[in-house]
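Read through the structure below, which is laid out as structure tokens, and then see the notes.
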Number of protein chains: 2
Amino acid sequence: MSTRKKRDTSRKRAEILDAAVQAFREHGFDNTSMDRIAEVAGASKRTVYNHFESKEVLFEAVMEDFHRKARELKEIPYDPDAELAPQLGAFVDVKLKMLADPEWGGLVRVGLGVLIREPAFAQRAMERAEADHNTLVEWLRGADADGRLRVEDARTSAALFWSTVAGAFFWPTIMGAPPKPAVARRLKEALIESFLTSHAPH
Amino acid sequence: MSTRKKRDTSRKRAEILDAAVQAFREHGFDNTSMDRIAEVAGASKRTVYNHFESKEVLFEAVMEDFHRKARELKEIPYDPDAELAPQLGAFVDVKLKMLADPEWGGLVRVGLGVLIREPAFAQRAMERAEADHNTLVEWLRGADADGRLRVEDARTSAALFWSTVAGAFFWPTIMGAPPKPAVARRLKEALIESFLTSHAPH
DNA sequence: GCTTAATTACACGGTACAGTGTAGTGTACA
DNA sequence: TGTACACTACACTGTACCGTGTAATTAAGC
């Protein structure tokens, strides 16, 4: 029961994870072999299996890592002293910034490629995405209480707003057809203007 | 050069296609074997290969079939004598009807599972979806010319409308988390009301 | 009933890959 | 310097699957 020797194994593990991310991103889950991952990682296949007991476990570790990164929720509280349009624009910008990161997009694609066959997982993923709604819901309630917007059903309004963002930016980008900057700008402005107009007080 | 004998082979071919659709829907492209398809079709694997020279060819035939079905474009012309809200609602309903068909959804999922790794194909698919925009663009121009709506940029407005529909209904349904009927109704009404309000004349 | 094409049953080659077993090499730490 | 542990090289098993070859069987049209 003396203190056992333990070498630092986290470096190799990280290298394998990085290699897995890259390989899965480029070829998807099914078309990535453990031999390939080992090669990219500069490790022997045996070592890969010593760290991750199966391909599925490795995949889950990759997605776990990804979720940790994605969990950087931005809180955007309602500011009674600032213009409304820029504040709404900030909500959109947070998403657009995410979408601009190619590594993020690659991982989302990998995840979707698998999740699309696993309705149960897919539903959980969608629900997680809805957590973002709450920040906007709070913002809307703030603006409504302040009398600068008329929001009858904040949840529905927020859902509509995020649906538009998803349909206009998120999904096209994931599918490899992101809107051109000029189009994106126009869509963003039209969304905000439309939203503010239809929720104008009086 | 006499008239050659030809037996009718279309029946078996159709059975194989049906089986392929079902198998691909349930397990995706990579996880569906030709043996399995042959078994489901009640045909020998050799016959499958006699009809479709490879798994890829068979897959493309399936998707081709699917596109033919999906091409039932609905023309919804602007009607100056009818209420605006129900007319806009008809645009949404066409999509919702599609989404309600589980076979359609299954095939979209299969296609996406493959396309998600093939940006080039994915882009073409997204562009095809945009063809639907034109009908709404024409409708908007009609309503604008009639003075019942104020539409500055019909293309952007239509894009925004369809983006919301996609983000609110299409993608959640494809991902296995369709909105509950009550939520769907509320979203649809909110969308139409918001759209009409923000495009009201004066 | 004869011919001919479609279909079947089934064996087989080739390949790719998940995962294991093992003997040996390197190396951090006591 | 020695020991325990991480790591490597590599052979190997088992499996799944694509695609082909072929001889036998079925059934349509003459």
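Letters A, B, ... go to the chains of the structure tokens in the order shown; residues in each chain start at 1; ligands are counted from 1 in the same order.
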Counting only C-alpha atoms (C1' of nucleotides), chain C residues within 12 Å of chain A, as a list in words
DA16, DC17, DA18, DG19, DT20, DG21, DT22, DT27, DA28, DC29 and DA30 of chain C
Which chain A residues are at most 9 Å from chain B (counting only C-alpha atoms), as an MDAnalysis selection string?
chainID A and resid 25:28 30:31 109:110 112:120 122:124 126:127 156:157 159:172 174:177 183 186:187 190:191 193:199
Residues within 12 Å of region 80-83 of chain A, please, as number ranges by chain. Count only C-alpha atoms (C1' of nucleotides); anything in the same chain fewer than 6 positions from it doesn't count.
A: 89-90, 139-149, 196
Using only C-alpha atoms (C1' of nucleotides), the best pick from D:DT3, D:DG19, D:DG14, D:DA9 as closest to Val48 (chain B) would be D:DG19
Could you go through region 16-159 of chain B and tell me which residues DSSP, when run on the backbone, assigns to helix (DSSP H, G or I), listing them as a PyMOL selection string?
chain B and resi 16-27+34-41+45-51+55-70+84-100+102-115+119-145+154-159
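Coordinates place CA of Val57 (chain A) at a distance of 29.2 Å from CA of Gly105 (chain B).
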Report as a ChimeraX atom specification the set of chain D residues whose atoms approach chain B to within 10 Å, with distances computed over only C-alpha atoms (C1' of nucleotides).
/D:16-20,27-30
Pick from B:Thr47, B:Ser10, B:Ala38, B:Gln22 nearest to DT7 (chain C), counting only C-alpha atoms (C1' of nucleotides)
B:Thr47
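Rounded to one decimal, CA of Ala131 (chain B) and CA of Ala70 (chain B) lie 12.1 Å from each other.
Here CA of Lys12 (chain B) and CA of Lys69 (chain B) stand 20.2 Å from one another.
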Counting only C-alpha atoms (C1' of nucleotides), the option among A:Pro179, A:Ser44, A:Glu15, A:Val62 closest to DC10 (chain D):
A:Ser44
Report as a PyMOL selection string all protein, DNA and RNA residues lying within 12 Å of DA11 (chain C), evaluated on only C-alpha atoms (C1' of nucleotides), omitting residues in the same chain fewer than 3 positions from it.
chain D and resi 20-23
